[in-house]
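> Structure file protein_25.cif (mmCIF, C-alpha atoms, pLDDT in the B column; chains and numbers go by the auth columns) right here:
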data_start
#
loop_
_atom_site.group_PDB
_atom_site.id
_atom_site.type_symbol
_atom_site.label_atom_id
_atom_site.label_comp_id
_atom_site.label_asym_id
_atom_site.label_seq_id
_atom_site.Cartn_x
_atom_site.Cartn_y
_atom_site.Cartn_z
_atom_site.B_iso_or_equiv
_atom_site.auth_seq_id
_atom_site.auth_asym_id
ATOM 1 C CA MET A 1 254.792 231.209 145.382 62.00 1 A
ATOM 2 C CA LEU A 2 251.066 231.523 144.726 68.00 2 A
ATOM 3 C CA VAL A 3 251.018 235.219 145.634 77.00 3 A
ATOM 4 C CA LEU A 4 254.385 236.192 144.189 77.00 4 A
ATOM 5 C CA PRO A 5 254.016 237.486 140.632 82.00 5 A
ATOM 6 C CA LEU A 6 256.112 235.672 138.083 81.00 6 A
ATOM 7 C CA GLN A 7 257.726 238.883 136.845 84.00 7 A
ATOM 8 C CA MET A 8 259.034 239.734 140.327 87.00 8 A
ATOM 9 C CA ALA A 9 261.220 236.635 140.379 85.00 9 A
ATOM 10 C CA LEU A 10 262.811 236.950 136.946 87.00 10 A
ATOM 11 C CA ILE A 11 265.809 239.072 137.935 87.00 11 A
ATOM 12 C CA PRO A 12 266.695 237.150 141.138 89.00 12 A
ATOM 13 C CA VAL A 13 266.364 233.785 139.403 89.00 13 A
ATOM 14 C CA ALA A 14 268.378 234.973 136.400 86.00 14 A
ATOM 15 C CA SER A 15 271.197 236.136 138.681 88.00 15 A
ATOM 16 C CA LEU A 16 270.989 232.839 140.589 90.00 16 A
ATOM 17 C CA TYR A 17 271.263 230.948 137.303 87.00 17 A
ATOM 18 C CA LYS A 18 274.329 233.018 136.323 86.00 18 A
ATOM 19 C CA VAL A 19 276.025 232.248 139.656 89.00 19 A
ATOM 20 C CA PHE A 20 275.163 228.568 139.221 88.00 20 A
ATOM 21 C CA ASP A 21 276.582 228.616 135.685 86.00 21 A
ATOM 22 C CA ASN A 22 279.835 230.231 136.847 85.00 22 A
ATOM 23 C CA THR A 23 280.388 227.929 139.828 87.00 23 A
ATOM 24 C CA THR A 24 279.433 224.582 138.323 86.00 24 A
ATOM 25 C CA GLY A 25 280.143 225.096 134.649 81.00 25 A
ATOM 26 C CA LEU A 26 276.738 223.715 133.690 83.00 26 A
ATOM 27 C CA GLN A 27 274.684 225.770 131.257 83.00 27 A
ATOM 28 C CA VAL A 28 271.322 226.603 132.884 85.00 28 A
ATOM 29 C CA PHE A 29 270.856 230.222 131.853 86.00 29 A
ATOM 30 C CA GLY A 30 270.078 230.391 128.155 83.00 30 A
ATOM 31 C CA SER A 31 268.879 226.795 127.928 85.00 31 A
ATOM 32 C CA VAL A 32 265.552 225.030 127.906 87.00 32 A
ATOM 33 C CA ILE A 33 266.363 223.393 131.246 88.00 33 A
ATOM 34 C CA GLY A 34 266.430 226.805 132.939 87.00 34 A
ATOM 35 C CA ALA A 35 262.976 227.688 131.628 88.00 35 A
ATOM 36 C CA ILE A 36 261.609 224.283 132.633 90.00 36 A
ATOM 37 C CA ILE A 37 262.989 224.598 136.170 89.00 37 A
ATOM 38 C CA PHE A 38 261.476 228.072 136.478 90.00 38 A
ATOM 39 C CA HIS A 39 258.033 226.959 135.301 90.00 39 A
ATOM 40 C CA VAL A 40 258.085 223.871 137.528 91.00 40 A
ATOM 41 C CA ALA A 41 259.047 225.979 140.546 89.00 41 A
ATOM 42 C CA PHE A 42 256.167 228.371 139.940 89.00 42 A
ATOM 43 C CA GLY A 43 253.629 225.702 138.927 90.00 43 A
ATOM 44 C CA LEU A 44 254.265 223.228 141.723 92.00 44 A
ATOM 45 C CA PRO A 45 252.568 225.207 144.534 90.00 45 A
ATOM 46 C CA PHE A 46 249.346 225.492 142.538 92.00 46 A
ATOM 47 C CA GLY A 47 249.505 221.824 141.601 94.00 47 A
ATOM 48 C CA ILE A 48 249.936 220.762 145.207 95.00 48 A
ATOM 49 C CA PHE A 49 247.112 223.085 146.266 94.00 49 A
ATOM 50 C CA LEU A 50 244.735 221.786 143.589 94.00 50 A
ATOM 51 C CA MET A 51 245.435 218.086 144.118 93.00 51 A
ATOM 52 C CA ARG A 52 245.322 218.335 147.910 94.00 52 A
ATOM 53 C CA ASN A 53 241.953 220.067 147.803 94.00 53 A
ATOM 54 C CA PHE A 54 240.625 217.510 145.335 93.00 54 A
ATOM 55 C CA TYR A 55 241.679 214.517 147.405 89.00 55 A
ATOM 56 C CA SER A 56 240.519 216.071 150.673 90.00 56 A
ATOM 57 C CA GLY A 57 237.088 216.557 149.098 89.00 57 A
ATOM 58 C CA ILE A 58 236.586 212.826 148.555 82.00 58 A
ATOM 59 C CA PRO A 59 233.918 211.686 151.026 82.00 59 A
ATOM 60 C CA HIS A 60 235.084 209.468 153.857 79.00 60 A
ATOM 61 C CA ASP A 61 232.112 207.184 153.195 81.00 61 A
ATOM 62 C CA LEU A 62 233.485 206.369 149.767 76.00 62 A
ATOM 63 C CA LEU A 63 236.801 205.277 151.261 74.00 63 A
ATOM 64 C CA GLU A 64 234.963 203.198 153.861 77.00 64 A
ATOM 65 C CA ALA A 65 232.894 201.511 151.168 77.00 65 A
ATOM 66 C CA GLY A 66 236.092 200.621 149.350 75.00 66 A
ATOM 67 C CA ARG A 67 237.546 199.042 152.484 76.00 67 A
ATOM 68 C CA ILE A 68 234.369 197.022 153.033 80.00 68 A
ATOM 69 C CA ASP A 69 234.504 195.801 149.426 77.00 69 A
ATOM 70 C CA GLY A 70 238.044 194.613 149.987 75.00 70 A
ATOM 71 C CA ALA A 71 240.129 197.473 148.597 70.00 71 A
ATOM 72 C CA GLY A 72 242.176 197.702 151.775 69.00 72 A
ATOM 73 C CA SER A 73 244.994 200.192 152.063 68.00 73 A
ATOM 74 C CA GLY A 74 247.286 198.547 149.551 68.00 74 A
ATOM 75 C CA PRO A 75 247.681 198.668 145.786 67.00 75 A
ATOM 76 C CA SER A 76 243.973 198.355 144.964 64.00 76 A
ATOM 77 C CA SER A 77 243.218 201.444 147.055 68.00 77 A
ATOM 78 C CA ALA A 78 246.049 203.297 145.334 72.00 78 A
ATOM 79 C CA ARG A 79 244.676 202.301 141.918 75.00 79 A
ATOM 80 C CA TRP A 80 241.238 203.564 142.892 74.00 80 A
ATOM 81 C CA SER A 81 242.553 206.889 144.180 76.00 81 A
ATOM 82 C CA CYS A 82 244.714 207.419 141.086 81.00 82 A
ATOM 83 C CA ARG A 83 241.782 206.708 138.803 84.00 83 A
ATOM 84 C CA SER A 84 239.537 209.093 140.710 85.00 84 A
ATOM 85 C CA GLY A 85 242.170 211.836 140.428 89.00 85 A
ATOM 86 C CA ILE A 86 242.259 211.841 136.618 93.00 86 A
ATOM 87 C CA PRO A 87 239.880 214.826 136.258 93.00 87 A
ATOM 88 C CA ALA A 88 241.962 216.889 138.674 94.00 88 A
ATOM 89 C CA LEU A 89 245.171 215.932 136.869 94.00 89 A
ATOM 90 C CA ALA A 90 243.592 216.819 133.527 96.00 90 A
ATOM 91 C CA SER A 91 242.517 220.248 134.756 95.00 91 A
ATOM 92 C CA LEU A 92 245.972 220.835 136.261 95.00 92 A
ATOM 93 C CA ALA A 93 247.615 219.880 132.967 95.00 93 A
ATOM 94 C CA ILE A 94 245.331 222.235 131.040 96.00 94 A
ATOM 95 C CA PHE A 95 246.000 225.111 133.442 93.00 95 A
ATOM 96 C CA GLN A 96 249.767 224.607 133.335 92.00 96 A
ATOM 97 C CA PHE A 97 249.831 224.275 129.553 93.00 97 A
ATOM 98 C CA ILE A 98 247.884 227.507 129.097 93.00 98 A
ATOM 99 C CA TRP A 99 250.047 229.397 131.612 89.00 99 A
ATOM 100 C CA VAL A 100 253.300 228.223 130.038 89.00 100 A
ATOM 101 C CA TRP A 101 251.983 228.831 126.532 89.00 101 A
ATOM 102 C CA ASN A 102 250.985 232.413 127.381 87.00 102 A
ATOM 103 C CA ASP A 103 254.206 233.207 129.201 85.00 103 A
ATOM 104 C CA LEU A 104 256.470 234.598 126.507 86.00 104 A
ATOM 105 C CA LEU A 105 258.439 236.748 128.961 86.00 105 A
ATOM 106 C CA VAL A 106 260.101 233.777 130.678 86.00 106 A
ATOM 107 C CA ALA A 107 261.061 232.276 127.335 85.00 107 A
ATOM 108 C CA LEU A 108 262.548 235.577 126.186 86.00 108 A
ATOM 109 C CA ILE A 109 264.579 235.943 129.383 84.00 109 A
ATOM 110 C CA PHE A 110 265.827 232.406 129.906 83.00 110 A
ATOM 111 C CA LEU A 111 266.108 231.248 126.308 81.00 111 A
ATOM 112 C CA SER A 112 267.858 234.379 125.023 76.00 112 A
ATOM 113 C CA GLY A 113 271.100 232.499 124.538 61.00 113 A
ATOM 114 C CA ASN A 114 274.499 233.288 125.959 53.00 114 A
ATOM 115 C CA THR A 115 274.127 237.047 126.220 53.00 115 A
ATOM 116 C CA HIS A 116 275.778 237.331 129.633 51.00 116 A
ATOM 117 C CA GLN A 117 279.543 237.654 130.057 51.00 117 A
ATOM 118 C CA ARG A 118 281.512 234.872 131.680 49.00 118 A
#
Using structure tokens, write down the structure that the file contains.

Amino acid sequence: MLVLPLQMALIPVASLYKVFDNTTGLQVFGSVIGAIIFHVAFGLPFGIFLMRNFYSGIPHDLLEAGRIDGAGSGPSSARWSCRSGIPALASLAIFQFIWVWNDLLVALIFLSGNTHQR
């Protein structure tokens, strides 16, 4: 999904949404939920890539020092790792916000209303 351009997936996803709408009766195409699902599906690979590289870059010595100080592998270690990941989460949120904000094409396609025939 990182190498696939967003515009290449619009037609297949739109037809998949139409099939889903016809078989289940739920309204995905022409709703905000459809646009959200599309943006999450295209943003998740980058988010996983960014967060994995951030957490793999934490020095092993820092984790060892935490264990020596009594952090262990339980909740205190999880609190420490979540707090250290705030800058990466902030940058991911900024990137995703800018990409979604600048992506008018997806909003025009998936929020165009009920223009397809049932």
> Atom CA of Gly43 of chain A and atom CA of Val13 of chain A, how far apart in Å?
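About the pair atom CA of Val13 of chain A and atom CA of Gly43 of chain A: they are 15.1 Å apart.
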> Taking the file as shown, what set of residues would the PyMOL selection byres ((chain A and resi 35) around 10) give back, as a PyMOL selection string?
chain A and resi 28-34+36-41+100+106-111
> Could you give me, as a VMD selection string, the residues within 10 Å of segment 87-96 of chain A, counting all atoms listed in the file and dropping anything in the same chain fewer than 4 positions from it?
chain A and resid 39 to 40 42 to 44 46 to 48 50 to 55 82 to 83 100 to 102
> Between atom CA of Ala78 of chain A and atom CA of Gly57 of chain A, what is the distance, to one decimal in Å?
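Taking atom CA of Ala78 of chain A as the start and atom CA of Gly57 of chain A as the end point, the length is 16.4 Å.
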> What does the distance from atom CA of Asp103 of chain A to atom CA of Ala14 of chain A come to in Å, to one decimal?
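Those two atoms sit 16.0 Å apart.
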> With only C-alpha atoms as the basis for distance, which of A:Ala65, A:Ile86, A:Leu26, A:Val3 is at the shortest distance from Pro45 of chain A?
A:Val3
> As JSON, what would the box around segment 15-27 of chain A look like: edges along x, y and z, 4 Å added on every side, centre and edge lengths in Å to one decimal?

{"center_x": 275.7, "center_y": 229.9, "center_z": 135.9, "size_x": 17.4, "size_y": 20.4, "size_z": 17.3}
> Using only C-alpha atoms, find the one residue out of A:Leu6, A:Ser84, A:Arg79, A:Ala71 that sits nearest to Ile58 of chain A.
A:Ser84
> Applying 10 Å and only C-alpha atoms, which residues near Trp80 of chain A remain after dropping the ones on its own chain fewer than 5 positions away? List them as a list of chain:residue names.
A:Leu63, A:Gly66, A:Ala71, A:Pro75, A:Gly85
> Would you output that residue set with C-alpha atoms, as a PDB file, in the frame of the given file?

ATOM      1  CA  LEU A  63     236.801 205.277 151.261  1.00 74.00           C
ATOM      2  CA  GLY A  66     236.092 200.621 149.350  1.00 75.00           C
ATOM      3  CA  ALA A  71     240.129 197.473 148.597  1.00 70.00           C
ATOM      4  CA  PRO A  75     247.681 198.668 145.786  1.00 67.00           C
ATOM      5  CA  GLY A  85     242.170 211.836 140.428  1.00 89.00           C
TER       6      GLY A  85
END
